[in-house]
file work-v4.txt (compact mmCIF, C-alpha atoms and all ligand atoms)
# COMPACT_ATOMS: atom_id res chain seq x y z
CA MET A 1 -22.04 1.81 -10.64
CA SER A 2 -19.43 1.67 -7.87
CA SER A 3 -17.35 -1.43 -7.44
CA TYR A 4 -15.09 -3.28 -5.06
CA VAL A 5 -11.35 -3.42 -5.62
CA LEU A 6 -10.07 -6.93 -5.01
CA ALA A 7 -6.30 -7.37 -4.81
CA ILE A 8 -4.47 -10.69 -4.69
CA SER A 9 -0.87 -10.37 -3.54
CA GLY A 10 2.01 -12.83 -3.58
CA ALA A 11 1.19 -14.86 -0.49
CA SER A 12 0.08 -18.45 0.01
CA ALA A 13 -3.62 -19.29 0.24
CA LEU A 14 -4.46 -17.90 -3.19
CA GLN A 15 -7.58 -20.07 -3.17
CA LEU A 16 -9.02 -17.51 -0.75
CA GLY A 17 -8.59 -14.77 -3.33
CA GLU A 18 -10.08 -16.93 -6.07
CA ARG A 19 -13.14 -17.92 -3.99
CA THR A 20 -13.64 -14.32 -2.85
CA LEU A 21 -13.67 -13.22 -6.50
CA GLN A 22 -16.07 -16.01 -7.47
CA THR A 23 -18.46 -15.25 -4.60
CA LEU A 24 -18.55 -11.51 -5.27
CA LEU A 25 -19.16 -12.06 -9.00
CA ASN A 26 -21.88 -14.62 -8.28
CA ASN A 27 -23.43 -12.00 -5.97
CA ASN A 28 -23.55 -9.70 -9.04
CA LYS A 29 -20.88 -7.31 -7.79
CA ASN A 30 -18.64 -5.17 -9.95
CA ILE A 31 -15.03 -6.08 -9.31
CA SER A 32 -11.80 -4.31 -10.19
CA LEU A 33 -9.16 -7.01 -9.86
CA ILE A 34 -5.40 -6.47 -9.38
CA LEU A 35 -2.83 -9.24 -9.03
CA SER A 36 0.55 -8.13 -7.70
CA LYS A 37 3.66 -9.01 -9.69
CA GLY A 38 4.50 -11.52 -6.95
CA ALA A 39 1.05 -13.13 -7.14
CA TYR A 40 1.74 -14.43 -10.67
CA LYS A 41 4.79 -16.29 -9.35
CA VAL A 42 2.91 -17.79 -6.44
CA PHE A 43 0.01 -18.84 -8.70
CA LEU A 44 2.54 -20.65 -10.86
CA SER A 45 4.44 -22.39 -8.08
CA GLU A 46 1.55 -23.19 -5.71
CA ARG A 47 -1.39 -23.59 -8.07
CA ARG A 48 0.43 -24.51 -11.31
CA LEU A 49 -1.51 -21.70 -12.96
CA ASN A 50 -0.01 -19.46 -15.60
CA ILE A 51 -2.29 -16.43 -15.31
CA PRO A 52 -2.40 -14.15 -18.37
CA ILE A 53 -1.01 -10.71 -17.54
CA ASP A 54 -2.95 -8.96 -20.30
CA PRO A 55 -6.11 -7.57 -18.63
CA ILE A 56 -8.56 -8.63 -21.37
CA ARG A 57 -7.15 -12.15 -21.59
CA GLN A 58 -7.09 -12.38 -17.81
CA GLU A 59 -10.77 -11.46 -17.58
CA SER A 60 -11.66 -14.31 -19.96
CA PHE A 61 -9.39 -16.63 -17.98
CA TRP A 62 -11.21 -15.93 -14.71
CA ARG A 63 -14.65 -16.13 -16.30
CA GLU A 64 -13.85 -19.58 -17.61
CA ARG A 65 -11.99 -20.82 -14.52
CA LEU A 66 -14.63 -19.62 -12.06
CA ASN A 67 -17.50 -20.61 -14.34
CA SER A 68 -19.16 -17.26 -13.68
CA THR A 69 -20.93 -14.94 -16.09
CA LYS A 70 -22.41 -12.72 -13.40
CA GLY A 71 -21.33 -9.30 -12.12
CA LYS A 72 -18.71 -7.20 -13.87
CA LEU A 73 -14.99 -7.87 -13.89
CA ILE A 74 -12.19 -5.53 -14.95
CA CYS A 75 -8.60 -6.68 -14.50
CA TYR A 76 -5.69 -4.28 -14.02
CA LYS A 77 -1.94 -4.74 -14.29
CA TRP A 78 0.01 -4.13 -11.09
CA ASP A 79 1.95 -1.23 -12.60
CA ASP A 80 -1.01 0.57 -14.18
CA MET A 81 -0.61 3.55 -11.85
CA ALA A 82 -2.88 5.72 -14.03
CA ALA A 83 -5.81 3.28 -13.80
CA ILE A 84 -9.16 4.86 -12.90
CA ILE A 85 -9.13 3.09 -9.51
CA SER A 86 -5.85 4.80 -8.55
CA SER A 87 -7.66 8.06 -7.81
CA GLY A 88 -9.78 8.90 -4.78
CA SER A 89 -12.15 10.76 -7.13
CA HIS A 90 -13.24 7.37 -8.48
CA LYS A 91 -15.91 6.02 -6.13
CA THR A 92 -15.69 2.48 -4.84
CA LYS A 93 -17.50 0.63 -2.08
CA GLY A 94 -14.29 -0.72 -0.56
CA MET A 95 -11.21 -2.82 -1.12
CA LEU A 96 -10.01 -6.26 -0.08
CA ILE A 97 -6.48 -7.70 -0.22
CA VAL A 98 -6.88 -11.49 -0.15
CA PRO A 99 -4.36 -12.88 0.67
CA CYS A 100 -2.07 -10.05 1.72
CA SER A 101 1.70 -10.66 1.83
CA MET A 102 3.82 -9.15 4.56
CA GLY A 103 5.56 -7.10 1.87
CA THR A 104 2.28 -5.45 0.87
CA VAL A 105 1.29 -5.07 4.54
CA GLY A 106 4.57 -3.26 5.24
CA ARG A 107 4.42 -1.00 2.21
CA VAL A 108 0.79 0.00 2.78
CA ALA A 109 1.45 0.55 6.50
CA SER A 110 4.30 2.92 5.68
CA GLY A 111 2.47 4.72 2.87
CA PHE A 112 4.94 3.43 0.31
CA SER A 113 2.78 3.05 -2.80
CA LEU A 114 4.98 1.28 -5.33
CA ASP A 115 2.28 -0.59 -7.25
CA LEU A 116 -1.42 -0.21 -8.02
CA ILE A 117 -2.48 -2.38 -5.08
CA GLU A 118 -0.59 -0.23 -2.59
CA ARG A 119 -1.84 2.98 -4.22
CA CYS A 120 -5.47 1.78 -4.09
CA ALA A 121 -5.08 0.72 -0.45
CA ASP A 122 -3.62 4.14 0.37
CA VAL A 123 -6.57 5.78 -1.41
CA HIS A 124 -9.11 3.70 0.53
CA LEU A 125 -7.51 4.66 3.82
CA LYS A 126 -7.30 8.37 2.97
CA GLU A 127 -10.90 8.41 1.75
CA GLY A 128 -12.10 6.56 4.84
CA ARG A 129 -13.53 3.67 2.80
CA PRO A 130 -13.49 0.03 3.92
CA LEU A 131 -10.13 -1.72 3.48
CA ILE A 132 -10.04 -5.40 4.42
CA ILE A 133 -6.61 -6.96 4.84
CA VAL A 134 -6.31 -10.76 4.96
CA PRO A 135 -2.67 -11.20 6.07
CA ARG A 136 -0.98 -14.54 5.33
CA GLU A 137 2.15 -15.39 7.23
CA MET A 138 2.93 -17.66 10.16
CA PRO A 139 4.31 -16.86 12.66
CA TRP A 140 4.14 -13.08 12.70
CA ASN A 141 7.26 -11.25 13.78
CA LEU A 142 7.18 -7.99 15.71
CA ILE A 143 7.50 -5.95 12.49
CA HIS A 144 4.47 -7.73 10.97
CA LEU A 145 2.48 -7.13 14.15
CA ARG A 146 3.44 -3.45 14.28
CA ASN A 147 2.58 -2.95 10.62
CA LEU A 148 -0.80 -4.66 11.07
CA THR A 149 -1.45 -2.48 14.13
CA SER A 150 -0.62 0.64 12.09
CA LEU A 151 -3.07 -0.46 9.43
CA ALA A 152 -5.79 -1.10 12.00
CA GLU A 153 -5.12 2.32 13.55
CA ALA A 154 -5.43 3.90 10.10
CA GLY A 155 -8.88 2.31 9.67
CA ALA A 156 -8.23 -1.02 7.93
CA LYS A 157 -9.97 -4.17 9.09
CA ILE A 158 -7.52 -7.02 9.74
CA ALA A 159 -9.14 -10.36 8.94
CA PRO A 160 -6.52 -13.14 9.27
CA PRO A 161 -7.54 -16.41 7.60
CA ILE A 162 -7.99 -18.35 10.84
CA PRO A 163 -10.37 -21.25 10.26
CA ALA A 164 -13.23 -22.18 12.55
CA TRP A 165 -13.07 -25.60 14.18
CA TYR A 166 -16.64 -25.69 15.52
CA THR A 167 -17.87 -26.28 11.95
CA ASN A 168 -15.97 -29.60 11.84
CA PRO A 169 -14.48 -28.92 8.40
CA CYS A 170 -13.80 -32.13 6.45
CA THR A 171 -12.18 -30.65 3.35
CA LEU A 172 -10.05 -27.69 2.35
CA ASP A 173 -13.08 -26.36 0.47
CA ASP A 174 -15.08 -26.39 3.73
CA MET A 175 -12.41 -24.21 5.34
CA ILE A 176 -12.13 -21.90 2.34
CA ASP A 177 -15.93 -21.42 2.18
CA PHE A 178 -16.08 -20.53 5.86
CA LEU A 179 -13.14 -18.12 5.67
CA VAL A 180 -14.54 -16.36 2.60
CA MET A 181 -17.91 -16.04 4.34
CA LYS A 182 -16.14 -14.34 7.28
CA ILE A 183 -14.10 -12.10 4.97
CA LEU A 184 -17.23 -10.97 3.11
CA ASP A 185 -19.11 -10.50 6.37
CA THR A 186 -16.72 -7.63 7.07
CA LEU A 187 -18.15 -5.92 3.98
CA GLY A 188 -21.75 -6.89 4.70
CA GLU A 189 -21.77 -8.51 1.27
CA ASN A 190 -22.31 -12.19 1.82
CA ASN A 191 -25.49 -13.89 0.67
CA VAL A 192 -24.20 -17.30 1.69
CA ASP A 193 -24.62 -18.63 5.18
CA ASN A 194 -21.94 -21.22 5.64
CA LYS A 195 -22.24 -23.07 8.93
CA ARG A 196 -22.58 -20.16 11.32
CA TRP A 197 -22.38 -20.82 15.04
CA GLU A 198 -25.90 -21.53 16.31
CA GLY A 199 -25.21 -21.95 20.00
CA SER A 200 -23.79 -24.89 21.84
CA ILE A 201 -25.43 -28.32 21.77
CA LYS A 202 -27.53 -28.70 24.90
C1 LIG A 301 5.36 -19.93 -3.31
C2 LIG A 301 5.50 -18.66 -2.52
C3 LIG A 301 4.73 -18.48 -1.39
C4 LIG A 301 4.84 -17.30 -0.65
N1 LIG A 301 4.04 -17.14 0.45
C5 LIG A 301 4.10 -15.99 1.15
C6 LIG A 301 3.24 -15.79 2.27
O1 LIG A 301 2.42 -16.64 2.61
N2 LIG A 301 3.32 -14.61 2.91
C7 LIG A 301 4.19 -13.62 2.55
O2 LIG A 301 4.20 -12.57 3.19
N3 LIG A 301 5.04 -13.79 1.50
C8 LIG A 301 5.01 -14.94 0.79
N4 LIG A 301 5.85 -15.12 -0.28
C9 LIG A 301 6.83 -14.08 -0.59
C10 LIG A 301 6.21 -12.95 -1.43
O3 LIG A 301 5.67 -13.47 -2.63
C11 LIG A 301 7.28 -11.88 -1.75
O4 LIG A 301 7.70 -11.24 -0.55
C12 LIG A 301 6.78 -10.88 -2.76
O5 LIG A 301 7.80 -9.93 -3.01
C13 LIG A 301 5.56 -10.15 -2.25
O6 LIG A 301 5.21 -9.17 -3.21
P1 LIG A 301 3.75 -8.54 -3.21
O7 LIG A 301 3.46 -8.13 -1.82
O8 LIG A 301 3.86 -7.36 -4.13
O9 LIG A 301 2.82 -9.55 -3.75
C14 LIG A 301 5.76 -16.28 -1.05
C15 LIG A 301 6.53 -16.49 -2.19
C16 LIG A 301 6.41 -17.65 -2.92
C17 LIG A 301 7.25 -17.83 -4.16
call {"tool": "encode", "arguments": {"input": "work-v4.txt", "output": "structure tokens"}}
result
Amino acid sequence: MSSYVLAISGASALQLGERTLQTLLNNNKNISLILSKGAYKVFLSERRLNIPIDPIRQESFWRERLNSTKGKLICYKWDDMAAIISSGSHKTKGMLIVPCSMGTVGRVASGFSLDLIERCADVHLKEGRPLIIVPREMPWNLIHLRNLTSLAEAGAKIAPPIPAWYTNPCTLDDMIDFLVMKILDTLGENNVDNKRWEGSIK
């Protein structure tokens, strides 16, 4: 059965990647998960989480942390360039990079596939499959903007994690839930309706 590739790169807002993974698994999706080398460092410094690098141990880690037994999860190491998902002949339904660092944005935009995330993104673009980029940096410089434009021109969907204010979010979780709903909307894969706009109050 075809799967989604979910990549988490070394940018802030890792909670978005975690919640995206949890939601897709709870929606019974098959997920191929890749954390970039940089993501492990950011998980440690921002989330105080020491994520196991070994794929089997990492799968158990996520299952326990996300309290999810649904769907299928396979974890890959960032340098596993021979992984099944590195080839266009392996069918997937699409790929998401949540969050996406400016380093990964730049390397994918220039076709510079140094790790498995960049290779998979390159494959999704060349095969014309959905590629959702959730870029995390603020502010964006001209190089970031040009790279994001190149990616959009090549067929990627750019979905910056800009929260909605009309939902009156009270907690960080409120914001995360809304953003993940919007991210998954781009794939047509969200079963959760989280405070959608229903027209202005008359
Ligand atoms: C705590 C922490 C937070 C970071 N946040 C961001 C960020 O929000 N956006 C970004 O582009 N880079 C960020 N970086 C820098 C990237 O992690 C760094 O450029 C890394 O090489 C990116 O590698 P990757 O794209 O392979 O994950 C952060 C680094 C650290 C240590």
call {"tool": "closest_residue", "arguments": {"input": "work-v4.txt", "among": "A:Glu137, A:Asp174, A:Glu59, A:Asp185", "to": "ligand LIG 301 (chain A)", "atoms": "all atoms listed in the file"}}
result
A:Glu137
call {"tool": "atom_distance", "arguments": {"input": "work-v4.txt", "atom1": "atom CA of Gly103 of chain A", "atom2": "atom CA of Arg47 of chain A"}}
result
20.5 Å
call {"tool": "closest_atom_pairs", "arguments": {"input": "work-v4.txt", "of": "chain A", "to": "ligand LIG 301 (chain A)", "cutoff": "10 Å", "atoms": "all atoms listed in the file", "output": "tab-separated table"}}
result
residue	atom	partner	partner_atom	distance
A:Ala7	CA	A:LIG301	O9	9.4
A:Ile8	CA	A:LIG301	O9	7.4
A:Ser9	CA	A:LIG301	O9	3.8
A:Gly10	CA	A:LIG301	O9	3.4
A:Ala11	CA	A:LIG301	C5	3.5
A:Ser12	CA	A:LIG301	O1	3.9
A:Ala13	CA	A:LIG301	O1	7.0
A:Leu14	CA	A:LIG301	O1	9.1
A:Leu35	CA	A:LIG301	O9	7.7
A:Ser36	CA	A:LIG301	O9	4.8
A:Lys37	CA	A:LIG301	O8	5.8
A:Gly38	CA	A:LIG301	O9	4.1
A:Ala39	CA	A:LIG301	O9	5.2
A:Tyr40	CA	A:LIG301	O9	8.5
A:Lys41	CA	A:LIG301	C17	5.9
A:Val42	CA	A:LIG301	C1	4.5
A:Phe43	CA	A:LIG301	C1	7.7
A:Leu44	CA	A:LIG301	C1	8.1
A:Ser45	CA	A:LIG301	C1	5.4
A:Glu46	CA	A:LIG301	C1	5.6
A:Arg47	CA	A:LIG301	C1	9.0
A:Trp78	CA	A:LIG301	O8	8.6
A:Pro99	CA	A:LIG301	O1	8.0
A:Cys100	CA	A:LIG301	O7	6.8
A:Ser101	CA	A:LIG301	O2	3.4
A:Met102	CA	A:LIG301	O2	3.7
A:Gly103	CA	A:LIG301	O7	4.4
A:Thr104	CA	A:LIG301	O7	4.0
A:Val105	CA	A:LIG301	O7	7.4
A:Gly106	CA	A:LIG301	O7	8.6
A:Arg107	CA	A:LIG301	O7	8.2
A:Val108	CA	A:LIG301	O7	9.7
A:Leu114	CA	A:LIG301	O8	8.8
A:Asp115	CA	A:LIG301	O8	7.6
A:Leu116	CA	A:LIG301	O8	9.7
A:Ile117	CA	A:LIG301	O8	8.1
A:Glu118	CA	A:LIG301	O8	8.5
A:Pro135	CA	A:LIG301	O2	7.6
A:Arg136	CA	A:LIG301	O1	4.8
A:Glu137	CA	A:LIG301	N2	4.5
A:Met138	CA	A:LIG301	O1	7.6
A:Trp140	CA	A:LIG301	O2	9.5
A:His144	CA	A:LIG301	O2	9.2
call {"tool": "residues_near_point", "arguments": {"input": "work-v4.txt", "point": "(1.8, 9.3, 2.0)", "cutoff": "12 Å", "atoms": "only C-alpha atoms", "output": "ChimeraX atom specification"}}
result
/A:107-114,118-119,121-123,125-126
call {"tool": "write_last_selection", "arguments": {"input": "work-v4.txt", "atoms": "C-alpha atoms", "output": "PDB file, in the frame of the given file"}}
result
ATOM      1  CA  ARG A 107       4.420  -1.000   2.210  1.00  0.00           C
ATOM      2  CA  VAL A 108       0.790   0.000   2.780  1.00  0.00           C
ATOM      3  CA  ALA A 109       1.450   0.550   6.500  1.00  0.00           C
ATOM      4  CA  SER A 110       4.300   2.920   5.680  1.00  0.00           C
ATOM      5  CA  GLY A 111       2.470   4.720   2.870  1.00  0.00           C
ATOM      6  CA  PHE A 112       4.940   3.430   0.310  1.00  0.00           C
ATOM      7  CA  SER A 113       2.780   3.050  -2.800  1.00  0.00           C
ATOM      8  CA  LEU A 114       4.980   1.280  -5.330  1.00  0.00           C
ATOM      9  CA  GLU A 118      -0.590  -0.230  -2.590  1.00  0.00           C
ATOM     10  CA  ARG A 119      -1.840   2.980  -4.220  1.00  0.00           C
ATOM     11  CA  ALA A 121      -5.080   0.720  -0.450  1.00  0.00           C
ATOM     12  CA  ASP A 122      -3.620   4.140   0.370  1.00  0.00           C
ATOM     13  CA  VAL A 123      -6.570   5.780  -1.410  1.00  0.00           C
ATOM     14  CA  LEU A 125      -7.510   4.660   3.820  1.00  0.00           C
ATOM     15  CA  LYS A 126      -7.300   8.370   2.970  1.00  0.00           C
TER      16      LYS A 126
END
call {"tool": "closest_residue", "arguments": {"input": "work-v4.txt", "among": "A:Leu33, A:Leu148, A:Ile84, A:Ile176", "to": "Gln15 of chain A", "atoms": "all atoms listed in the file"}}
result
A:Ile176
call {"tool": "residues_around", "arguments": {"input": "work-v4.txt", "residues": "Pro163 of chain A", "least_positions_apart": "3", "cutoff": "12 Å", "atoms": "only C-alpha atoms", "output": "number ranges by chain"}}
result
A: 16, 159-160, 166-169, 171-183
call {"tool": "residues_around", "arguments": {"input": "work-v4.txt", "residues": "Gly94 of chain A", "least_positions_apart": "6", "cutoff": "6 Å", "atoms": "all atoms listed in the file", "output": "list in words"}}
result
Tyr4, Arg129, Pro130 and Leu131 of chain A
call {"tool": "residues_around", "arguments": {"input": "work-v4.txt", "residues": "Ile85 of chain A", "least_positions_apart": "5", "cutoff": "8 Å", "atoms": "only C-alpha atoms", "output": "PDB file with C-alpha atoms, keeping the file's coordinate frame"}}
result
ATOM      1  CA  VAL A   5     -11.350  -3.420  -5.620  1.00  0.00           C
ATOM      2  CA  SER A  32     -11.800  -4.310 -10.190  1.00  0.00           C
ATOM      3  CA  HIS A  90     -13.240   7.370  -8.480  1.00  0.00           C
ATOM      4  CA  CYS A 120      -5.470   1.780  -4.090  1.00  0.00           C
TER       5      CYS A 120
END
call {"tool": "residues_around", "arguments": {"input": "work-v4.txt", "residues": "Arg65 of chain A", "least_positions_apart": "4", "cutoff": "10 Å", "atoms": "only C-alpha atoms", "output": "MDAnalysis selection string"}}
result
chainID A and resid 18 22 59:61
call {"tool": "residues_near_point", "arguments": {"input": "work-v4.txt", "point": "(-15.4, -21.7, -11.8)", "cutoff": "12 Å", "atoms": "only C-alpha atoms", "output": "JSON list (two decimals) with C-alpha atoms, in the frame of the given file"}}
result
[["chain", "number", "residue", "atom", "x", "y", "z"],
["A", 15, "GLN", "CA", -7.58, -20.07, -3.17],
["A", 18, "GLU", "CA", -10.08, -16.93, -6.07],
["A", 19, "ARG", "CA", -13.14, -17.92, -3.99],
["A", 20, "THR", "CA", -13.64, -14.32, -2.85],
["A", 21, "LEU", "CA", -13.67, -13.22, -6.50],
["A", 22, "GLN", "CA", -16.07, -16.01, -7.47],
["A", 23, "THR", "CA", -18.46, -15.25, -4.60],
["A", 25, "LEU", "CA", -19.16, -12.06, -9.00],
["A", 26, "ASN", "CA", -21.88, -14.62, -8.28],
["A", 60, "SER", "CA", -11.66, -14.31, -19.96],
["A", 61, "PHE", "CA", -9.39, -16.63, -17.98],
["A", 62, "TRP", "CA", -11.21, -15.93, -14.71],
["A", 63, "ARG", "CA", -14.65, -16.13, -16.30],
["A", 64, "GLU", "CA", -13.85, -19.58, -17.61],
["A", 65, "ARG", "CA", -11.99, -20.82, -14.52],
["A", 66, "LEU", "CA", -14.63, -19.62, -12.06],
["A", 67, "ASN", "CA", -17.50, -20.61, -14.34],
["A", 68, "SER", "CA", -19.16, -17.26, -13.68],
["A", 69, "THR", "CA", -20.93, -14.94, -16.09],
["A", 70, "LYS", "CA", -22.41, -12.72, -13.40]]
call {"tool": "closest_residue", "arguments": {"input": "work-v4.txt", "among": "A:Ala154, A:Leu184, A:Ile133, A:Met95", "to": "Asn27 of chain A", "atoms": "all atoms listed in the file"}}
result
A:Leu184
call {"tool": "axis_aligned_box", "arguments": {"input": "work-v4.txt", "around": "segment 135-152 of chain A", "padding_each_side": "6 Å", "output": "AutoDock Vina command-line options"}}
result
--center_x 0.9 --center_y -8.5 --center_z 10.5 --size_x 25.3 --size_y 30.3 --size_z 22.4
call {"tool": "decode", "arguments": {"input": "work-v4.txt", "residues": "segment 116-172 of chain A", "atoms": "C-alpha atoms", "output": "short mmCIF file (atom, residue, chain, number, x, y, z; two decimals), in the first residue's frame"}}
result
data_model
loop_
_atom_site.label_atom_id
_atom_site.label_comp_id
_atom_site.auth_asym_id
_atom_site.auth_seq_id
_atom_site.Cartn_x
_atom_site.Cartn_y
_atom_site.Cartn_z
CA LEU A 116 17.52 11.15 2.18
CA ILE A 117 15.07 14.00 2.79
CA GLU A 118 16.48 16.05 -0.08
CA ARG A 119 16.62 13.00 -2.35
CA CYS A 120 12.97 12.11 -1.60
CA ALA A 121 11.88 15.71 -2.18
CA ASP A 122 13.74 15.71 -5.50
CA VAL A 123 12.02 12.44 -6.43
CA HIS A 124 8.56 13.82 -5.58
CA LEU A 125 9.16 16.87 -7.74
CA LYS A 126 10.50 14.87 -10.70
CA GLU A 127 7.62 12.39 -10.47
CA GLY A 128 5.06 15.19 -10.22
CA ARG A 129 3.76 13.98 -6.85
CA PRO A 130 2.58 16.28 -4.05
CA LEU A 131 5.39 17.90 -2.04
CA ILE A 132 4.30 20.08 0.87
CA ILE A 133 6.95 22.38 2.34
CA VAL A 134 6.30 24.00 5.72
CA PRO A 135 9.15 26.55 5.91
CA ARG A 136 10.17 27.84 9.36
CA GLU A 137 12.20 31.00 9.53
CA MET A 138 11.42 34.60 10.36
CA PRO A 139 12.04 36.96 8.67
CA TRP A 140 12.75 35.52 5.24
CA ASN A 141 15.67 37.00 3.35
CA LEU A 142 15.72 37.37 -0.42
CA ILE A 143 17.55 34.05 -0.84
CA HIS A 144 14.87 32.22 1.19
CA LEU A 145 12.13 33.88 -0.86
CA ARG A 146 13.82 33.01 -4.16
CA ASN A 147 14.37 29.41 -3.09
CA LEU A 148 10.73 29.07 -1.99
CA THR A 149 9.63 30.58 -5.32
CA SER A 150 11.78 28.04 -7.19
CA LEU A 151 10.17 25.23 -5.23
CA ALA A 152 6.68 26.55 -5.95
CA GLU A 153 7.57 26.85 -9.65
CA ALA A 154 8.80 23.25 -9.61
CA GLY A 155 5.42 22.10 -8.25
CA ALA A 156 5.82 22.14 -4.46
CA LYS A 157 3.12 23.58 -2.24
CA ILE A 158 4.47 26.15 0.21
CA ALA A 159 2.48 26.08 3.45
CA PRO A 160 4.12 28.42 6.00
CA PRO A 161 2.98 27.82 9.58
CA ILE A 162 1.05 31.08 9.90
CA PRO A 163 -1.61 30.72 12.59
CA ALA A 164 -5.20 31.85 12.23
CA TRP A 165 -6.39 34.54 14.62
CA TYR A 166 -10.12 34.28 13.86
CA THR A 167 -10.19 31.01 15.84
CA ASN A 168 -9.20 32.90 19.01
CA PRO A 169 -6.53 30.36 19.99
CA CYS A 170 -6.02 30.18 23.77
CA THR A 171 -3.16 27.68 23.89
CA LEU A 172 -0.19 26.59 21.81
#
